[in-house]
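K.L.:
I have a structure I would like to understand better, so I am pasting it below and will then ask my questions one at a time.
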Amino acid sequence: MGRRTTVVVAGLSLVLAACSSVQQDSSDGHSETSEPASAVVLQEPDTVVISSTDPAEVSIRTSEAFFESSDGAIVTSEGSALTAASLAHTYHLPVLVEGEGTVAELDRLGVEWILTVDIQEDYQDVEAIPAGSPYAPATGTEAAQSKEEATGTGTENEKPERDDRVRIVGGDITVEALVDLGEGEAFIAPEKTDRNLDVDVQADSETDLLVLTDGQSPAAIGTARAAGADVMIAPADPRISPEIIERVAERDNVMGIFGTEVPDFEWQLRTAMTGVQLPGGGQTVFDHKRYIALYGAPTTPALGVLGEQDAPGTIARAEASAAEYDALTDDTVVPTLEIIVTVAAGSEGPDGNFSHEAPPEQFVELIEAAGEAGQYVVLDFQPGRTDFLTQVQQYEELLKYPHVGIALDPEWRLGPDEMPLTRIGHVEIAEVNEVVNYLAQFVHDRNLPQKLVILHQFQLQMIRDRDQLDLSNPEVALLIHADGQGSQGAKNATWANLHTDAPEGVMWGWKNFIDEDQPMLSPEETFAIEPMPHFVSYQ
């Protein structure tokens, strides 16, 4: 490693150092310096995300991403990274948190001098300053100057030759200026310095990069800003925030820097950059949103209220039903249509599965009208003797709409010799997980917003081995929907029973039966249920 100079900053003050020549003036013993200069060569990052719980690793990887080379660099302790970041932004220098790999990164950059912030140890290969140098380290009481003495505020228009709280080791370096940070705040004031650091910044092109960050890696943020990137505080999942989605959709170049592990960031960012948002905002189903749904089939009123009017009437009725809940929650209330697309049948039908699959094109007009009105759509499946995945795959063209999710109704999942209405059906959890994983991959491959998966249930036996439900896919949001009808005492018992040993992390839905419930709950009573339902449907 080449010759290197280390500047150690103590207390609340910073020293800006620049590479320069030092010549002794025999008349007064003071140094005369040439204009400070440093050169950095920037590069366009070829990575989408840098994430780690190790601050040193994040800082090194960020330096590697943005800087091809740099004559100077800042090395800091983790606790002083914010202070160091303020210097990086002002003087276009990379910042490294001291740790494993720091020296190797300094070698890669070709650094000739170092400014350290709150680092007390010397680098082993840094030569000692000659005895008697005006920049030799101060010790003992000499280093205990007051703030007034250090900054020269006690005498008008006077500044000290050096700050005795600063230790400089090795090399041809001169102290250029002192910047006081007051009460520990990160603040840089170039107008107070004797001269600014002259940095020759070379880059192939101006960057249009937006960096999303959780703010936990200030050294890395300082490096990114030093390279000219815009920086925005954001959640690790950019799909959550409507504002972030709007910002990234306007940019061609976005990356993330996080102080935590974010394994899903790359595809989530791709989704956010489409700019498509779900009804209620964002690209996730349940962040600050609740859903009020009309249930049924658009072809007949016999299966629920959704079929009691034409398509425009359904959109209007869904809007009115949701409006009754607006004042009852701080969350956004989203009007929703739960459309039965396959209906368990008493006859085997052409395919012998005792389920009637309506043609997908039959629902396009209603789905598109709902999307234009800011409403969500759920496709409900009653598979008869076939399996859920087989039926769901038949409606892929509808699942390509961002605002369309699915509901699985195990009541109508029949065995090979069973008939509808002769017993309550059930589904094995492996079949449910197969659908969940299929839909998650479908979303992932197409950069779609998160999709809702509803599991209808009013008996525990309807979903076998429910504790093994796969909740690991961030592409989908899962909800258990309590479908019990009758007296409110019976419905409350079903609600409590379903919550027993339920998978942790699922959301909950409640169904109001307009004719069968005794009595049907009002909106106020429905949202008084604990836990408050995230999804309420009317049948």
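Labels used: A, B, ... for chains in the order of the structure tokens, numbers from 1 for residues in each chain, and numbers from 1 for ligands as shown.
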List the spatial neighbours of A:Thr300 as an MDAnalysis selection string - criterion: any atom at most 12 Å away, only C-alpha atoms, same-chain residues fewer than 5 positions off excluded.
P.N.:
chainID A and resid 295 305:310 339:341 343
K.L.:
Write a file of the just-selected residues containing N, CA and C atoms, as an mmCIF file, in the first residue's frame.
P.N.:
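Written output follows (result.cif):
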```
data_model
loop_
_atom_site.group_PDB
_atom_site.id
_atom_site.type_symbol
_atom_site.label_atom_id
_atom_site.label_comp_id
_atom_site.auth_asym_id
_atom_site.auth_seq_id
_atom_site.Cartn_x
_atom_site.Cartn_y
_atom_site.Cartn_z
ATOM 1 N N TYR A 295 -70.505 -10.094 -2.937
ATOM 2 C CA TYR A 295 -70.200 -11.476 -3.315
ATOM 3 C C TYR A 295 -71.289 -12.018 -4.234
ATOM 4 N N VAL A 305 -75.466 -10.904 -3.777
ATOM 5 C CA VAL A 305 -75.901 -9.557 -4.138
ATOM 6 C C VAL A 305 -75.174 -9.017 -5.371
ATOM 7 N N LEU A 306 -74.034 -9.583 -5.719
ATOM 8 C CA LEU A 306 -73.309 -9.066 -6.871
ATOM 9 C C LEU A 306 -74.108 -9.248 -8.158
ATOM 10 N N GLY A 307 -74.994 -10.256 -8.196
ATOM 11 C CA GLY A 307 -75.764 -10.510 -9.401
ATOM 12 C C GLY A 307 -77.143 -9.892 -9.412
ATOM 13 N N GLU A 308 -77.427 -9.003 -8.495
ATOM 14 C CA GLU A 308 -78.772 -8.429 -8.408
ATOM 15 C C GLU A 308 -78.951 -7.180 -9.275
ATOM 16 N N GLN A 309 -77.920 -6.753 -9.988
ATOM 17 C CA GLN A 309 -78.002 -5.564 -10.835
ATOM 18 C C GLN A 309 -77.009 -5.718 -11.984
ATOM 19 N N ASP A 310 -77.089 -4.818 -12.953
ATOM 20 C CA ASP A 310 -76.157 -4.888 -14.073
ATOM 21 C C ASP A 310 -74.778 -4.386 -13.634
ATOM 22 N N ILE A 339 -66.192 -12.307 -7.282
ATOM 23 C CA ILE A 339 -66.957 -12.899 -8.373
ATOM 24 C C ILE A 339 -66.756 -14.413 -8.394
ATOM 25 N N ILE A 340 -67.841 -15.163 -8.301
ATOM 26 C CA ILE A 340 -67.768 -16.616 -8.435
ATOM 27 C C ILE A 340 -67.581 -16.939 -9.921
ATOM 28 N N VAL A 341 -66.427 -17.495 -10.271
ATOM 29 C CA VAL A 341 -66.157 -17.799 -11.680
ATOM 30 C C VAL A 341 -66.326 -19.281 -11.997
ATOM 31 N N VAL A 343 -68.584 -22.634 -10.447
ATOM 32 C CA VAL A 343 -69.682 -22.936 -9.522
ATOM 33 C C VAL A 343 -69.855 -24.447 -9.418
#
```
K.L.:
Excluding A:Ala81 and its own-chain neighbours fewer than 2 positions away, which residues fall within 12 Å of it when counting only C-alpha atoms? Please give them as a ChimeraX atom specification.
P.N.:
/A:55-56,59,74-79,83-88,94-98,116-119,185-186,215-223
K.L.:
Please provide as a list in words all residues within 8 Å of stretch 250-255 of chain A, with the sequence filter that same-chain residues fewer than 6 positions apart are discarded (counting only C-alpha atoms).
P.N.:
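The residues satisfying every condition are Thr47, Val48, Val49, Asp208, Leu209, Leu210, Val211, Leu212 and Met273 of chain A.
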K.L.:
Would you write out those residues with C-alpha atoms, as an mmCIF file, in the first residue's frame?
P.N.:
```
data_model
loop_
_atom_site.group_PDB
_atom_site.id
_atom_site.type_symbol
_atom_site.label_atom_id
_atom_site.label_comp_id
_atom_site.auth_asym_id
_atom_site.auth_seq_id
_atom_site.Cartn_x
_atom_site.Cartn_y
_atom_site.Cartn_z
ATOM 1 C CA THR A 47 -25.591 -3.381 -8.796
ATOM 2 C CA VAL A 48 -29.242 -3.045 -7.809
ATOM 3 C CA VAL A 49 -28.947 -3.388 -4.057
ATOM 4 C CA ASP A 208 -29.460 10.133 -12.916
ATOM 5 C CA LEU A 209 -29.331 7.575 -10.131
ATOM 6 C CA LEU A 210 -31.872 7.513 -7.303
ATOM 7 C CA VAL A 211 -30.761 5.633 -4.188
ATOM 8 C CA LEU A 212 -33.424 4.265 -1.852
ATOM 9 C CA MET A 273 -40.785 0.921 -11.290
#
```
K.L.:
Find the residues of stretch 371-480 of chain A that sit at most 8 Å from stretch 275-281 of chain A; for each, write down the nearest two atoms and how far apart they are in Å, to one decimal. Count only C-alpha atoms. Sort by chain, then by number going up, and give it as JSON lines.
P.N.:
```
{"residue": "A:Gly371", "atom": "CA", "partner": "A:Pro279", "partner_atom": "CA", "distance": 7.6}
{"residue": "A:Gly374", "atom": "CA", "partner": "A:Pro279", "partner_atom": "CA", "distance": 4.8}
{"residue": "A:Gln375", "atom": "CA", "partner": "A:Pro279", "partner_atom": "CA", "distance": 5.7}
{"residue": "A:Tyr376", "atom": "CA", "partner": "A:Pro279", "partner_atom": "CA", "distance": 6.2}
{"residue": "A:Pro402", "atom": "CA", "partner": "A:Leu278", "partner_atom": "CA", "distance": 6.9}
{"residue": "A:His403", "atom": "CA", "partner": "A:Leu278", "partner_atom": "CA", "distance": 5.8}
{"residue": "A:Pro449", "atom": "CA", "partner": "A:Leu278", "partner_atom": "CA", "distance": 7.1}
```
K.L.:
What is the atom CA of A:Thr526 to atom CA of A:Ala327 distance in Å?
P.N.:
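Rounded to one decimal, the two atoms are 13.1 Å apart.
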K.L.:
Just list the residues in stretch 408-497 of chain A DSSP gives strand (DSSP E) on the backbone, as a list in words.
P.N.:
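Those in stretch 408-497 of chain A that DSSP calls strand (DSSP E) are Leu408, Val427, Glu428, Lys451, Leu452, Val453, Ile454, Leu455, His456, Gln457, Ile463, Arg464, Val476, Ala477, Leu478, Leu479, Ile480, His481 and Ala482 of chain A.
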K.L.:
With C-alpha atoms retained, could you export that selection as a compact mmCIF listing (two decimals), in the first residue's frame?
P.N.:
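out-v3.txt written:
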```
# COMPACT_ATOMS: atom_id res chain seq x y z
CA LEU A 408 -60.48 -20.72 -2.70
CA VAL A 427 -58.79 -29.37 0.98
CA GLU A 428 -55.35 -30.59 2.01
CA LYS A 451 -52.20 -10.41 -5.02
CA LEU A 452 -54.78 -11.36 -2.41
CA VAL A 453 -55.48 -15.03 -1.70
CA ILE A 454 -58.64 -15.68 0.34
CA LEU A 455 -59.27 -19.04 2.03
CA HIS A 456 -62.94 -19.51 2.85
CA GLN A 457 -63.55 -21.49 6.03
CA ILE A 463 -58.45 -26.81 5.53
CA ARG A 464 -56.46 -29.82 6.71
CA VAL A 476 -49.17 -12.72 -2.16
CA ALA A 477 -51.20 -11.75 0.92
CA LEU A 478 -53.26 -14.45 2.62
CA LEU A 479 -56.58 -14.04 4.41
CA ILE A 480 -58.86 -16.55 6.15
CA HIS A 481 -62.50 -15.65 5.56
CA ALA A 482 -65.05 -16.76 8.18
```
K.L.:
Set the distance at 8 Å and use only C-alpha atoms: which residues neighbour A:Ala272 once local chain neighbours fewer than 2 positions away are removed? I'd like the list as a ChimeraX atom specification.
P.N.:
/A:238-239,244-245,248-249,268-270,274-276,283
K.L.:
Counting only C-alpha atoms, what is within 8 Å of A:Pro533, bar same-chain residues fewer than 3 positions away, as a PyMOL selection string?
P.N.:
chain A and resi 290+507-510+526-527+529-530+536
K.L.:
Any chance you could export the current selection's C-alpha atoms as an mmCIF file, in the first residue's frame?
P.N.:
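This is the output file out_25.cif:
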```cif
data_model
loop_
_atom_site.group_PDB
_atom_site.id
_atom_site.type_symbol
_atom_site.label_atom_id
_atom_site.label_comp_id
_atom_site.auth_asym_id
_atom_site.auth_seq_id
_atom_site.Cartn_x
_atom_site.Cartn_y
_atom_site.Cartn_z
ATOM 1 C CA ARG A 290 -59.486 -2.670 4.287
ATOM 2 C CA MET A 507 -55.372 -11.515 7.838
ATOM 3 C CA TRP A 508 -59.037 -12.092 8.640
ATOM 4 C CA GLY A 509 -62.314 -11.658 6.802
ATOM 5 C CA TRP A 510 -65.963 -11.643 7.904
ATOM 6 C CA THR A 526 -68.891 -5.367 12.024
ATOM 7 C CA PHE A 527 -65.819 -3.232 12.629
ATOM 8 C CA ILE A 529 -65.321 -7.370 15.963
ATOM 9 C CA GLU A 530 -61.917 -8.238 17.398
ATOM 10 C CA VAL A 536 -65.895 -7.853 4.828
#
```
K.L.:
If we count only C-alpha atoms, what is near stretch 412-425 of chain A at a cut-off of 10 Å, once residues fewer than 6 positions away on the same chain are taken out, given as a list in words?
P.N.:
Val343, Ala344, Ala345, Gly346, Ser347, Glu348, Asn353, Phe354, Ser355, Phe381, Gln382, Pro383, Gly384, Arg385, Thr386, Asp387, Phe388, Phe458, Gln459, Gln461, Met462 and Ile463 of chain A
K.L.:
Go ahead and save the residues from that selection, with N, CA and C atoms, as an mmCIF file, in the first residue's frame.
P.N.:
```
data_model
loop_
_atom_site.group_PDB
_atom_site.id
_atom_site.type_symbol
_atom_site.label_atom_id
_atom_site.label_comp_id
_atom_site.auth_asym_id
_atom_site.auth_seq_id
_atom_site.Cartn_x
_atom_site.Cartn_y
_atom_site.Cartn_z
ATOM 1 N N VAL A 343 -68.584 -22.634 -10.447
ATOM 2 C CA VAL A 343 -69.682 -22.936 -9.522
ATOM 3 C C VAL A 343 -69.855 -24.447 -9.418
ATOM 4 N N ALA A 344 -69.788 -24.964 -8.182
ATOM 5 C CA ALA A 344 -70.038 -26.390 -7.975
ATOM 6 C C ALA A 344 -71.433 -26.736 -8.492
ATOM 7 N N ALA A 345 -71.516 -27.847 -9.226
ATOM 8 C CA ALA A 345 -72.758 -28.196 -9.927
ATOM 9 C C ALA A 345 -73.237 -29.584 -9.524
ATOM 10 N N GLY A 346 -74.558 -29.782 -9.680
ATOM 11 C CA GLY A 346 -75.151 -31.077 -9.342
ATOM 12 C C GLY A 346 -74.964 -32.115 -10.417
ATOM 13 N N SER A 347 -74.519 -31.720 -11.590
ATOM 14 C CA SER A 347 -74.252 -32.666 -12.666
ATOM 15 C C SER A 347 -72.785 -32.615 -13.025
ATOM 16 N N GLU A 348 -72.293 -33.718 -13.606
ATOM 17 C CA GLU A 348 -70.855 -33.813 -13.833
ATOM 18 C C GLU A 348 -70.352 -32.857 -14.907
ATOM 19 N N ASN A 353 -66.282 -32.938 -13.764
ATOM 20 C CA ASN A 353 -65.748 -32.508 -12.467
ATOM 21 C C ASN A 353 -66.787 -31.892 -11.543
ATOM 22 N N PHE A 354 -68.047 -31.893 -11.949
ATOM 23 C CA PHE A 354 -69.135 -31.347 -11.132
ATOM 24 C C PHE A 354 -68.888 -29.879 -10.750
ATOM 25 N N SER A 355 -68.308 -29.151 -11.665
ATOM 26 C CA SER A 355 -68.097 -27.721 -11.486
ATOM 27 C C SER A 355 -68.248 -27.057 -12.840
ATOM 28 N N PHE A 381 -63.379 -19.574 -6.516
ATOM 29 C CA PHE A 381 -63.358 -20.887 -7.157
ATOM 30 C C PHE A 381 -64.044 -21.947 -6.308
ATOM 31 N N GLN A 382 -64.994 -22.676 -6.943
ATOM 32 C CA GLN A 382 -65.680 -23.825 -6.346
ATOM 33 C C GLN A 382 -65.378 -25.030 -7.251
ATOM 34 N N PRO A 383 -64.340 -25.804 -6.964
ATOM 35 C CA PRO A 383 -63.779 -26.714 -7.965
ATOM 36 C C PRO A 383 -64.474 -28.054 -8.148
ATOM 37 N N GLY A 384 -65.425 -28.397 -7.262
ATOM 38 C CA GLY A 384 -66.040 -29.717 -7.413
ATOM 39 C C GLY A 384 -65.005 -30.810 -7.237
ATOM 40 N N ARG A 385 -64.946 -31.753 -8.181
ATOM 41 C CA ARG A 385 -64.029 -32.890 -8.053
ATOM 42 C C ARG A 385 -62.643 -32.630 -8.630
ATOM 43 N N THR A 386 -62.422 -31.487 -9.253
ATOM 44 C CA THR A 386 -61.075 -31.180 -9.721
ATOM 45 C C THR A 386 -60.317 -30.465 -8.614
ATOM 46 N N ASP A 387 -59.071 -30.081 -8.885
ATOM 47 C CA ASP A 387 -58.269 -29.391 -7.871
ATOM 48 C C ASP A 387 -58.247 -27.897 -8.143
ATOM 49 N N PHE A 388 -57.896 -27.134 -7.126
ATOM 50 C CA PHE A 388 -57.919 -25.674 -7.230
ATOM 51 C C PHE A 388 -56.944 -25.163 -8.288
ATOM 52 N N PHE A 458 -65.359 -22.212 7.522
ATOM 53 C CA PHE A 458 -66.210 -22.069 8.698
ATOM 54 C C PHE A 458 -66.149 -23.308 9.582
ATOM 55 N N GLN A 459 -65.394 -24.324 9.159
ATOM 56 C CA GLN A 459 -65.069 -25.484 9.988
ATOM 57 C C GLN A 459 -63.564 -25.720 9.897
ATOM 58 N N GLN A 461 -62.026 -28.466 9.846
ATOM 59 C CA GLN A 461 -61.698 -29.580 8.961
ATOM 60 C C GLN A 461 -61.652 -29.190 7.486
ATOM 61 N N MET A 462 -62.160 -28.018 7.147
ATOM 62 C CA MET A 462 -62.207 -27.611 5.739
ATOM 63 C C MET A 462 -60.812 -27.381 5.153
ATOM 64 N N ILE A 463 -59.833 -26.989 5.984
ATOM 65 C CA ILE A 463 -58.453 -26.812 5.527
ATOM 66 C C ILE A 463 -57.579 -27.684 6.427
#
```
K.L.:
Using Å and a single decimal, report how far atom CA of A:Tyr325 sits from atom CA of A:Asp515.
P.N.:
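The value is 20.4 Å.
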K.L.:
Counting only C-alpha atoms, which of A:Glu64, A:Asp483, A:Asp445, A:Asp380 gets nearest to A:Lys400?
P.N.:
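Among A:Glu64, A:Asp483, A:Asp445, A:Asp380, it is A:Asp445 that comes nearest to A:Lys400.
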K.L.:
Using only C-alpha atoms for the distances, tell me which of A:Gly484, A:Pro503, A:Pro523, A:Gly101 is nearest to A:Ala322.
P.N.:
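Using only C-alpha atoms, the shortest distance to A:Ala322 belongs to A:Pro523.
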K.L.:
Mind checking DSSP for stretch 232-365 of chain A and telling me the alpha helix (DSSP H) residues as a ChimeraX atom specification?
P.N.:
/A:242-249,265-273,311-323,364-365
